[in-house]
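K.L.:
Okay, so here is final_37.csv, and as you'll see once you scroll down, it has CSV, C-alpha atoms (C1' of nucleotides).
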```
chain,number,residue,atom,x,y,z
A,91,MET,CA,0.0,0.0,0.0
A,92,VAL,CA,1.2,3.5,-0.7
A,93,ARG,CA,0.3,5.2,2.5
A,94,GLU,CA,-0.5,8.6,1.1
A,95,LYS,CA,0.5,11.6,2.9
A,96,THR,CA,-2.4,13.4,4.6
A,97,VAL,CA,-2.3,16.7,6.4
A,98,ARG,CA,-4.8,18.4,8.6
A,99,LEU,CA,-6.4,21.2,6.6
A,100,THR,CA,-8.7,23.9,7.7
A,101,LYS,CA,-12.0,24.7,6.1
A,102,PHE,CA,-10.5,27.5,4.0
A,103,GLU,CA,-7.4,25.6,3.1
A,104,LEU,CA,-9.7,22.9,1.8
A,105,GLU,CA,-11.4,25.3,-0.4
A,106,VAL,CA,-8.2,26.4,-1.9
A,107,MET,CA,-7.2,22.8,-2.4
A,108,HIS,CA,-10.5,22.2,-4.0
A,109,ALA,CA,-9.8,25.1,-6.5
A,110,LEU,CA,-6.4,23.7,-7.2
A,111,TRP,CA,-7.7,20.2,-7.7
A,112,GLU,CA,-10.1,21.6,-10.2
A,113,LEU,CA,-7.4,23.4,-12.0
A,114,GLY,CA,-4.9,20.6,-11.9
A,115,ASN,CA,-2.3,23.2,-11.2
A,116,GLY,CA,-2.2,27.0,-11.3
A,117,SER,CA,-0.9,30.3,-10.0
A,118,VAL,CA,-2.2,32.1,-7.0
A,119,ARG,CA,-4.1,34.4,-9.2
A,120,GLU,CA,-5.8,31.5,-11.0
A,121,ILE,CA,-6.6,29.9,-7.7
A,122,GLN,CA,-8.2,33.0,-6.4
A,123,GLU,CA,-10.3,33.4,-9.5
A,124,GLN,CA,-11.4,29.8,-9.2
A,125,LEU,CA,-12.9,30.5,-5.8
A,126,PRO,CA,-16.6,31.2,-5.7
A,127,GLU,CA,-17.2,35.0,-5.8
A,128,LYS,CA,-19.3,34.9,-2.6
A,129,GLU,CA,-16.3,34.1,-0.5
A,130,ARG,CA,-13.4,35.3,-2.6
A,131,PRO,CA,-10.8,36.8,-0.3
A,132,ALA,CA,-8.1,39.3,-1.2
A,133,TYR,CA,-5.3,38.1,-3.4
A,134,THR,CA,-2.7,38.2,-0.6
A,135,THR,CA,-5.0,36.2,1.6
A,136,VAL,CA,-5.1,33.4,-0.9
A,137,GLN,CA,-1.4,33.8,-1.3
A,138,THR,CA,-0.9,33.3,2.4
A,139,ILE,CA,-3.1,30.2,2.4
A,140,VAL,CA,-1.1,28.8,-0.5
A,141,ARG,CA,2.1,29.4,1.4
A,142,ARG,CA,0.8,27.7,4.4
A,143,LEU,CA,-0.3,24.8,2.3
A,144,GLU,CA,3.1,24.6,0.9
A,145,ASP,CA,4.6,24.6,4.5
A,146,LYS,CA,2.3,21.7,5.3
A,147,GLY,CA,3.4,19.9,2.2
A,148,ALA,CA,-0.1,19.9,0.6
A,149,VAL,CA,1.0,21.7,-2.5
A,150,ARG,CA,4.3,22.5,-4.2
A,151,LYS,CA,5.8,24.8,-6.8
A,152,VAL,CA,6.2,23.1,-10.1
A,153,LYS,CA,7.5,25.8,-12.3
A,154,LYS,CA,7.6,29.5,-12.9
A,155,ILE,CA,5.9,31.3,-15.7
A,156,GLY,CA,6.9,34.8,-16.0
A,157,ASN,CA,7.5,35.8,-12.5
A,158,ALA,CA,4.6,33.8,-11.1
A,159,PHE,CA,4.9,30.3,-9.5
A,160,ILE,CA,2.6,27.6,-10.6
A,161,PHE,CA,1.5,25.3,-7.8
A,162,GLU,CA,0.2,21.8,-8.0
A,163,PRO,CA,-1.4,19.6,-5.3
A,164,VAL,CA,0.7,17.1,-3.6
A,165,VAL,CA,-2.1,15.4,-1.7
A,166,THR,CA,-4.9,13.9,-3.7
A,167,ARG,CA,-8.4,14.9,-3.4
A,168,LYS,CA,-9.3,11.3,-2.6
A,169,ALA,CA,-6.8,10.9,0.2
A,170,THR,CA,-7.9,14.1,1.7
A,171,HIS,CA,-11.6,13.3,1.5
A,172,ASN,CA,-10.9,9.9,3.0
A,173,ARG,CA,-9.2,11.5,5.9
A,174,LEU,CA,-12.2,13.8,6.5
A,175,ILE,CA,-14.6,10.9,6.3
A,176,ILE,CA,-12.5,8.8,8.7
A,177,GLU,CA,-12.5,11.6,11.2
A,178,LEU,CA,-16.2,12.0,10.9
A,179,LEU,CA,-16.8,8.3,11.2
A,180,GLU,CA,-14.8,8.2,14.4
A,181,LEU,CA,-17.4,10.5,15.9
A,182,PHE,CA,-20.0,8.0,14.9
A,183,GLY,CA,-18.1,5.1,16.5
A,184,GLY,CA,-16.1,4.3,13.5
A,185,SER,CA,-18.8,2.6,11.6
A,186,ALA,CA,-20.7,3.8,8.5
A,187,ARG,CA,-24.0,2.5,9.7
A,188,PRO,CA,-25.0,5.4,12.0
A,189,LEU,CA,-23.7,7.9,9.5
A,190,MET,CA,-25.9,6.4,6.8
A,191,ALA,CA,-28.8,6.4,9.1
A,192,HIS,CA,-28.4,10.1,9.6
A,193,LEU,CA,-28.1,10.7,5.9
A,194,ALA,CA,-31.3,8.7,5.3
A,195,GLU,CA,-33.1,10.4,8.0
A,196,ALA,CA,-32.1,13.8,6.7
A,197,GLY,CA,-33.5,12.8,3.4
A,198,LYS,CA,-30.1,12.9,1.8
A,199,LEU,CA,-30.2,9.3,0.9
A,200,SER,CA,-32.7,7.8,-1.4
A,201,LEU,CA,-33.5,4.2,-2.3
A,202,GLU,CA,-32.1,4.9,-5.7
A,203,ASP,CA,-28.8,6.0,-4.2
A,204,LEU,CA,-28.7,2.7,-2.3
A,205,ARG,CA,-29.5,0.6,-5.3
A,206,GLU,CA,-27.0,2.4,-7.3
A,207,MET,CA,-24.3,1.8,-4.7
A,208,GLU,CA,-25.3,-1.8,-4.5
A,209,GLY,CA,-24.7,-2.2,-8.2
A,210,LEU,CA,-21.2,-0.6,-7.9
A,211,LEU,CA,-20.3,-2.7,-4.9
A,212,ALA,CA,-21.5,-5.8,-6.5
A,213,GLU,CA,-19.2,-5.2,-9.5
A,214,GLY,CA,-16.4,-5.0,-7.1
A,215,GLN,CA,-15.4,-1.4,-7.4
A,216,ALA,CA,-16.7,2.0,-7.1
A,217,SER,CA,-14.1,4.4,-8.3
A,218,GLU,CA,-14.4,7.9,-9.7
A,219,PRO,CA,-11.9,8.8,-12.4
A,220,GLU,CA,-10.3,11.3,-10.0
A,221,GLY,CA,-9.4,13.8,-12.7
A,222,LEU,CA,-6.1,15.0,-11.6
A,223,ASP,CA,-4.5,15.6,-14.9
A,224,SER,CA,-4.5,18.5,-17.3
A,225,LYS,CA,-1.1,19.6,-16.5
A,226,GLN,CA,-0.7,21.7,-19.5
A,227,ASP,CA,0.1,25.3,-19.0
A,228,ARG,CA,-1.0,27.2,-22.0
A,229,ARG,CA,-1.8,30.3,-20.1
A,230,LEU,CA,-0.2,33.4,-18.9
A,231,SER,CA,2.1,32.7,-21.8
A,232,SER,CA,2.6,36.3,-22.7
A,233,ALA,CA,-0.7,38.1,-21.9
A,234,ARG,CA,-1.2,40.4,-19.1
A,235,ARG,CA,-4.3,39.7,-17.0
A,236,SER,CA,-7.1,42.1,-16.5
A,237,ARG,CA,-5.8,45.6,-16.6
A,238,PRO,CA,-7.9,47.9,-14.5
A,239,LYS,CA,-7.3,51.4,-15.9
A,240,ARG,CA,-6.1,52.5,-12.5
B,94,MET,CA,-40.3,22.3,12.2
B,95,VAL,CA,-38.3,23.1,15.3
B,96,ARG,CA,-35.2,24.6,13.9
B,97,GLU,CA,-32.8,23.3,16.5
B,98,LYS,CA,-30.0,25.4,17.6
B,99,THR,CA,-26.7,24.4,16.2
B,100,VAL,CA,-23.3,25.8,17.1
B,101,ARG,CA,-19.9,25.4,15.6
B,102,LEU,CA,-17.9,23.1,17.8
B,103,THR,CA,-14.3,22.3,17.7
B,104,LYS,CA,-12.9,18.8,17.8
B,105,PHE,CA,-12.2,18.9,21.5
B,106,GLU,CA,-15.5,20.5,22.3
B,107,LEU,CA,-17.2,17.7,20.4
B,108,GLU,CA,-15.5,15.2,22.6
B,109,VAL,CA,-16.7,16.9,25.7
B,110,MET,CA,-20.2,17.0,24.3
B,111,HIS,CA,-19.9,13.4,23.5
B,112,ALA,CA,-19.0,12.6,27.1
B,113,LEU,CA,-21.9,14.7,28.3
B,114,TRP,CA,-24.4,13.1,25.9
B,115,GLU,CA,-23.3,9.8,27.2
B,116,LEU,CA,-23.7,10.9,30.8
B,117,GLY,CA,-27.0,12.6,30.2
B,118,ASN,CA,-25.7,15.3,32.5
B,119,GLY,CA,-22.9,15.6,34.9
B,120,SER,CA,-20.3,17.7,36.7
B,121,VAL,CA,-17.0,18.8,35.2
B,122,ARG,CA,-15.3,16.0,37.2
B,123,GLU,CA,-17.6,13.4,35.7
B,124,ILE,CA,-17.1,14.7,32.3
B,125,GLN,CA,-13.4,14.5,32.6
B,126,GLU,CA,-13.5,11.0,33.9
B,127,GLN,CA,-15.8,10.0,31.0
B,128,LEU,CA,-13.1,11.1,28.5
B,129,PRO,CA,-10.8,8.3,27.2
B,130,GLU,CA,-7.7,8.2,29.2
B,131,LYS,CA,-5.4,8.5,26.2
B,132,GLU,CA,-6.4,12.1,25.7
B,133,ARG,CA,-7.6,13.1,29.1
B,134,PRO,CA,-6.6,16.7,29.7
B,135,ALA,CA,-6.2,18.4,33.1
B,136,TYR,CA,-9.3,19.1,35.1
B,137,THR,CA,-9.2,22.8,34.5
B,138,THR,CA,-8.8,22.3,30.8
B,139,VAL,CA,-12.1,20.4,30.8
B,140,GLN,CA,-13.5,23.1,32.9
B,141,THR,CA,-12.5,25.7,30.4
B,142,ILE,CA,-14.0,23.8,27.6
B,143,VAL,CA,-17.3,23.4,29.5
B,144,ARG,CA,-17.3,27.1,30.2
B,145,ARG,CA,-16.9,27.9,26.5
B,146,LEU,CA,-19.6,25.4,25.6
B,147,GLU,CA,-21.8,27.2,28.0
B,148,ASP,CA,-20.9,30.6,26.4
B,149,LYS,CA,-21.8,29.1,23.1
B,150,GLY,CA,-25.0,27.8,24.5
B,151,ALA,CA,-24.3,24.2,23.9
B,152,VAL,CA,-24.7,23.2,27.5
B,153,ARG,CA,-26.2,24.8,30.6
B,154,LYS,CA,-26.1,24.4,34.3
B,155,VAL,CA,-29.1,22.6,35.6
B,156,LYS,CA,-28.4,22.4,39.3
B,157,LYS,CA,-25.8,22.4,42.0
B,158,ILE,CA,-24.9,19.4,44.1
B,159,GLY,CA,-22.7,20.2,46.9
B,160,ASN,CA,-20.6,23.0,45.5
B,161,ALA,CA,-20.4,21.5,42.0
B,162,PHE,CA,-22.5,22.5,39.1
B,163,ILE,CA,-24.2,19.8,37.0
B,164,PHE,CA,-24.3,20.5,33.3
B,165,GLU,CA,-26.6,19.1,30.7
B,166,PRO,CA,-26.5,19.3,26.9
B,167,VAL,CA,-28.6,22.0,25.2
B,168,VAL,CA,-27.9,20.9,21.7
B,169,THR,CA,-28.8,17.3,20.8
B,170,ARG,CA,-26.4,14.9,19.5
B,171,LYS,CA,-28.5,14.4,16.5
B,172,ALA,CA,-28.7,18.0,15.5
B,173,THR,CA,-24.9,18.4,16.0
B,174,HIS,CA,-24.1,15.4,14.0
B,175,ASN,CA,-26.4,16.5,11.3
B,176,ARG,CA,-24.6,19.8,11.1
B,177,LEU,CA,-21.3,18.0,10.7
B,178,ILE,CA,-22.6,15.8,8.0
B,179,ILE,CA,-24.1,18.7,6.1
B,180,GLU,CA,-20.7,20.5,6.2
B,181,LEU,CA,-19.0,17.4,5.0
B,182,LEU,CA,-21.5,16.9,2.2
B,183,GLU,CA,-20.9,20.4,1.0
B,184,LEU,CA,-17.4,19.5,0.3
B,185,PHE,CA,-18.7,16.7,-1.8
B,186,GLY,CA,-21.0,18.9,-3.7
B,187,GLY,CA,-23.9,18.6,-1.4
B,188,SER,CA,-24.9,15.1,-2.5
B,189,ALA,CA,-24.6,11.9,-0.5
B,190,ARG,CA,-23.6,9.9,-3.6
B,191,PRO,CA,-19.9,10.8,-3.8
B,192,LEU,CA,-19.6,10.4,0.0
B,193,MET,CA,-21.1,6.9,-0.2
B,194,ALA,CA,-18.8,6.0,-3.1
B,195,HIS,CA,-15.9,6.9,-0.9
B,196,LEU,CA,-17.2,4.9,2.0
B,197,ALA,CA,-17.7,1.9,-0.3
B,198,GLU,CA,-14.3,2.2,-1.8
B,199,ALA,CA,-12.7,2.5,1.6
B,200,GLY,CA,-14.4,-0.7,2.5
B,201,LYS,CA,-16.5,1.0,5.1
B,202,LEU,CA,-19.7,0.1,3.4
B,203,SER,CA,-20.9,-3.4,2.8
B,204,LEU,CA,-23.7,-4.8,0.9
B,205,GLU,CA,-25.4,-5.8,4.1
B,206,ASP,CA,-25.2,-2.2,5.3
B,207,LEU,CA,-26.9,-1.1,2.2
B,208,ARG,CA,-29.6,-3.7,2.4
B,209,GLU,CA,-30.2,-2.9,6.0
B,210,MET,CA,-30.6,0.7,5.1
B,211,GLU,CA,-33.0,-0.1,2.3
B,212,GLY,CA,-35.1,-1.9,4.8
B,213,LEU,CA,-35.3,1.1,7.1
B,214,LEU,CA,-35.9,3.5,4.3
B,215,ALA,CA,-38.6,1.4,2.9
B,216,GLU,CA,-40.4,1.4,6.2
B,217,GLY,CA,-40.3,5.1,6.0
B,218,GLN,CA,-38.1,5.9,8.9
B,219,ALA,CA,-34.7,5.3,10.2
B,220,SER,CA,-34.5,6.7,13.7
B,221,GLU,CA,-32.3,5.9,16.6
B,222,PRO,CA,-33.8,6.3,20.0
B,223,GLU,CA,-31.4,9.2,20.8
B,224,GLY,CA,-30.9,8.3,24.4
B,225,LEU,CA,-30.9,11.7,26.0
B,226,ASP,CA,-32.5,10.9,29.3
B,227,SER,CA,-31.3,9.4,32.6
B,228,LYS,CA,-31.5,12.8,34.3
B,229,GLN,CA,-31.3,11.3,37.7
B,230,ASP,CA,-28.5,12.4,40.0
B,231,ARG,CA,-27.9,9.8,42.6
B,232,ARG,CA,-24.2,10.6,42.8
B,233,LEU,CA,-21.9,12.9,44.6
B,234,SER,CA,-24.7,12.8,47.2
B,235,SER,CA,-22.4,12.8,50.1
B,236,ALA,CA,-19.4,10.9,49.2
B,237,ARG,CA,-16.0,12.3,48.6
B,238,ARG,CA,-14.3,11.3,45.5
B,239,SER,CA,-10.9,9.6,45.2
B,240,ARG,CA,-8.9,10.9,48.0
B,241,PRO,CA,-5.2,10.9,47.1
B,242,LYS,CA,-3.4,10.8,50.4
B,243,ARG,CA,-1.6,14.0,49.4
C,216,DA,C1',-13.8,25.2,65.0
C,217,DC,C1',-10.3,23.0,61.9
C,218,DA,C1',-8.0,20.9,58.4
C,219,DC,C1',-8.6,18.9,54.0
C,220,DT,C1',-10.3,18.6,49.6
C,221,DC,C1',-13.2,20.0,45.9
C,222,DC,C1',-15.0,23.4,42.9
C,223,DT,C1',-15.5,27.7,40.6
C,224,DA,C1',-14.1,32.0,38.6
C,225,DC,C1',-10.4,34.1,36.1
C,226,DG,C1',-6.3,35.0,34.0
C,227,DA,C1',-2.5,33.4,31.0
C,228,DC,C1',-0.2,32.0,27.0
C,229,DA,C1',1.4,29.6,22.9
C,230,DT,C1',-0.7,28.1,18.4
C,231,DT,C1',-3.5,28.1,14.7
C,232,DT,C1',-6.6,30.5,11.5
C,233,DG,C1',-8.6,34.1,8.8
C,234,DT,C1',-7.4,38.3,6.5
C,235,DA,C1',-4.6,41.7,4.7
C,236,DG,C1',-1.1,45.5,3.9
C,237,DT,C1',3.6,46.8,2.2
C,238,DA,C1',8.1,46.9,0.1
C,239,DG,C1',10.7,45.8,-3.6
C,240,DG,C1',12.0,42.8,-7.5
C,241,DA,C1',10.6,41.2,-12.3
C,242,DT,C1',8.4,42.0,-17.0
C,243,DA,C1',6.4,43.5,-21.1
C,244,DG,C1',4.7,47.4,-24.1
C,245,DG,C1',6.2,51.4,-26.0
D,173,DC,C1',15.3,52.4,-21.1
D,174,DC,C1',10.9,53.7,-18.5
D,175,DT,C1',6.7,52.9,-16.5
D,176,DA,C1',2.7,50.6,-15.2
D,177,DT,C1',1.7,46.1,-13.3
D,178,DC,C1',2.3,41.7,-11.4
D,179,DC,C1',4.1,38.7,-8.2
D,180,DT,C1',6.6,37.2,-4.1
D,181,DA,C1',8.3,37.6,0.6
D,182,DC,C1',7.4,39.5,4.8
D,183,DT,C1',5.0,41.3,8.6
D,184,DA,C1',0.8,42.2,11.2
D,185,DC,C1',-3.0,41.2,14.0
D,186,DA,C1',-7.4,39.9,15.9
D,187,DA,C1',-10.1,35.8,17.1
D,188,DA,C1',-10.4,31.0,18.0
D,189,DT,C1',-8.3,26.9,20.2
D,190,DG,C1',-5.8,24.0,23.3
D,191,DT,C1',-3.9,23.8,27.9
D,192,DC,C1',-3.2,25.1,32.4
D,193,DG,C1',-2.3,27.6,36.9
D,194,DT,C1',-3.9,30.2,41.0
D,195,DA,C1',-6.7,32.3,44.5
D,196,DG,C1',-10.3,31.8,47.3
D,197,DG,C1',-14.9,30.1,48.6
D,198,DA,C1',-17.5,25.6,50.3
D,199,DG,C1',-18.7,21.3,52.3
D,200,DT,C1',-17.7,17.5,55.7
D,201,DG,C1',-15.6,14.4,59.0
D,202,DT,C1',-13.7,14.7,63.6
```
Turn this file's structure into structure tokens for me.
P.N.:
Amino acid sequence: MVREKTVRLTKFELEVMHALWELGNGSVREIQEQLPEKERPAYTTVQTIVRRLEDKGAVRKVKKIGNAFIFEPVVTRKATHNRLIIELLELFGGSARPLMAHLAEAGKLSLEDLREMEGLLAEGQASEPEGLDSKQDRRLSSARRSRPKR
Amino acid sequence: MVREKTVRLTKFELEVMHALWELGNGSVREIQEQLPEKERPAYTTVQTIVRRLEDKGAVRKVKKIGNAFIFEPVVTRKATHNRLIIELLELFGGSARPLMAHLAEAGKLSLEDLREMEGLLAEGQASEPEGLDSKQDRRLSSARRSRPKR
DNA sequence: ACACTCCTACGACATTTGTAGTAGGATAGG
DNA sequence: CCTATCCTACTACAAATGTCGTAGGAGTGT
């Protein structure tokens, strides 16, 4: 087994990671723009979070384009989510049963969901493609970003 | 609908709440002793957490026995767990599907679990008794606790 | 009335998180 | 080569968390 590295991430750090997972890799600017407008913090705030993520070993610089660093995730979305789930499960006694019961009760779980899962389980695997690719970098190549006339 | 109060609790606060839910109600001392030895903090640490929980409105004093206050949960375990689950779900796009997929893949979910759930769902309800009772208080009545000869 | 324990009320402090501002170097268009 | 922008490296700071210690009031057996 590969014992993936997992780090403890805060809510906000998770959001930044989410953005980066979506992008595959990207600059601080791109990450910030990827965040939902509603909760889009200042550029330097994102920069700080990214730096902390780098300290924690959750992301790393892969290259430099112009004078900007391009970051990429080190921890996978899957490993991170797993960790979160494990922690939540512990609160429920380590078993998925009670958790499922809650989901069902909250109406978050339908019979169809269950049957669907059964199908997957029966087949022996339930994996999502985990799209962590698109490592191209045709961007920033030589074009200045938004240029606010001020 | 009763729109239960939910507060944001930290990991440690959750553990204290867990202890209190188990007890039904209890003194700081009892709560501390209810915590797993491995991670049992100093008495005053627990006291501080309880005080903060009180500030947050998650617990309240119900009476005084001797010179000690007896606390009881204000927020239910169910409501709190629900909140946690909701937050986790948001990370997964708000749907239970991806979460279940993770559980299944991590081997935390078996076919039996699924069938069991189906049964419950089919019946129209999946509720656990939510044992928040046992509000007696035959304890501390007049007996000193452990008395370390020093 | 005492001595011994408990308990509570507060205060402290190091970390971690959330959020940003500033100074100064790097770049590209003109 | 100059200038308007970007970007990075730092620094700052308040609020939230994790962890306790201390002072002083209370309750009880003798």
K.L.:
Pick out the residues sitting within 10 Å of segment 183-200 of chain D, and hand them over as an NGL selection string; count only C-alpha atoms (C1' of nucleotides), and ignore anything fewer than 6 positions along from it in its own chain.
P.N.:
(:B and (103-106 or 134-139 or 141-142 or 159-161 or 235-237)) or (:C and (219-237))
K.L.:
Residues of chain D no more than 10 Å from chain A, counting only C-alpha atoms (C1' of nucleotides): send them over as a PyMOL selection string.
P.N.:
chain D and resi 176-180
K.L.:
For the selection you just gave me, I'd like the residues written to a file as a compact mmCIF listing (two decimals), in the coordinates of the input, keeping C-alpha atoms (C1' of nucleotides).
P.N.:
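Final output, selection_39.txt:
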```
# COMPACT_ATOMS: atom_id res chain seq x y z
C1' DA D 176 2.70 50.60 -15.20
C1' DT D 177 1.70 46.10 -13.30
C1' DC D 178 2.30 41.70 -11.40
C1' DC D 179 4.10 38.70 -8.20
C1' DT D 180 6.60 37.20 -4.10
```
K.L.:
Identify the residues around (-19.1, 2.7, 8.7) within a radius of 6 Å, measuring from all atoms listed in the file in the coordinates stated by the file, and give them as a ChimeraX atom specification.
P.N.:
/A:184-187 /B:201-202
K.L.:
How far is it from atom CA of Lys95 of chain A to atom CA of Val165 of chain A, in Å with one decimal?
P.N.:
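Separating atom CA of Lys95 of chain A from atom CA of Val165 of chain A is a distance of 6.5 Å.
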K.L.:
What is the distance between atom CA of Gly186 of chain B and atom CA of His108 of chain A, in Å to one decimal?
P.N.:
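A separation of 11.0 Å between them.
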K.L.:
May I ask for the distance between atom CA of Thr169 of chain B and atom CA of Val100 of chain B, given in Å to one decimal place?
P.N.:
10.8 Å
K.L.:
Compare A:Glu112, A:Glu94, A:Glu162, A:Glu195 by their minimum atom-to-atom distance to chain B, counting all atoms listed in the file, and give me the closest one.
P.N.:
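Counting all atoms listed in the file, the residue closest to chain B is A:Glu195.
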K.L.:
Which one is closest to chain C: A:Met107, A:Ile121, A:Leu189, A:Leu99? Count all atoms listed in the file.
P.N.:
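Among the listed residues, A:Leu99 lies closest to chain C.
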K.L.:
When the cut-off is 9 Å and we count all atoms listed in the file, which residues of chain A are near chain B, given as a short mmCIF file (atom, residue, chain, number, x, y, z; two decimals) with C-alpha atoms, in the coordinates of the input?
P.N.:
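Everything below was put into iface_9.cif:
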```
data_model
loop_
_atom_site.label_atom_id
_atom_site.label_comp_id
_atom_site.auth_asym_id
_atom_site.auth_seq_id
_atom_site.Cartn_x
_atom_site.Cartn_y
_atom_site.Cartn_z
CA LEU A 104 -9.70 22.90 1.80
CA GLU A 105 -11.40 25.30 -0.40
CA HIS A 108 -10.50 22.20 -4.00
CA LYS A 168 -9.30 11.30 -2.60
CA HIS A 171 -11.60 13.30 1.50
CA ASN A 172 -10.90 9.90 3.00
CA LEU A 174 -12.20 13.80 6.50
CA ILE A 175 -14.60 10.90 6.30
CA LEU A 178 -16.20 12.00 10.90
CA LEU A 181 -17.40 10.50 15.90
CA PHE A 182 -20.00 8.00 14.90
CA SER A 185 -18.80 2.60 11.60
CA ALA A 186 -20.70 3.80 8.50
CA ARG A 187 -24.00 2.50 9.70
CA PRO A 188 -25.00 5.40 12.00
CA LEU A 189 -23.70 7.90 9.50
CA MET A 190 -25.90 6.40 6.80
CA ALA A 191 -28.80 6.40 9.10
CA HIS A 192 -28.40 10.10 9.60
CA LEU A 193 -28.10 10.70 5.90
CA ALA A 194 -31.30 8.70 5.30
CA GLU A 195 -33.10 10.40 8.00
CA ALA A 196 -32.10 13.80 6.70
CA LYS A 198 -30.10 12.90 1.80
CA LEU A 199 -30.20 9.30 0.90
CA SER A 200 -32.70 7.80 -1.40
CA LEU A 201 -33.50 4.20 -2.30
CA ASP A 203 -28.80 6.00 -4.20
CA LEU A 204 -28.70 2.70 -2.30
CA ARG A 205 -29.50 0.60 -5.30
CA MET A 207 -24.30 1.80 -4.70
CA GLU A 208 -25.30 -1.80 -4.50
CA LEU A 210 -21.20 -0.60 -7.90
CA LEU A 211 -20.30 -2.70 -4.90
CA ALA A 212 -21.50 -5.80 -6.50
CA GLN A 215 -15.40 -1.40 -7.40
CA ALA A 216 -16.70 2.00 -7.10
CA SER A 217 -14.10 4.40 -8.30
CA GLU A 218 -14.40 7.90 -9.70
#
```
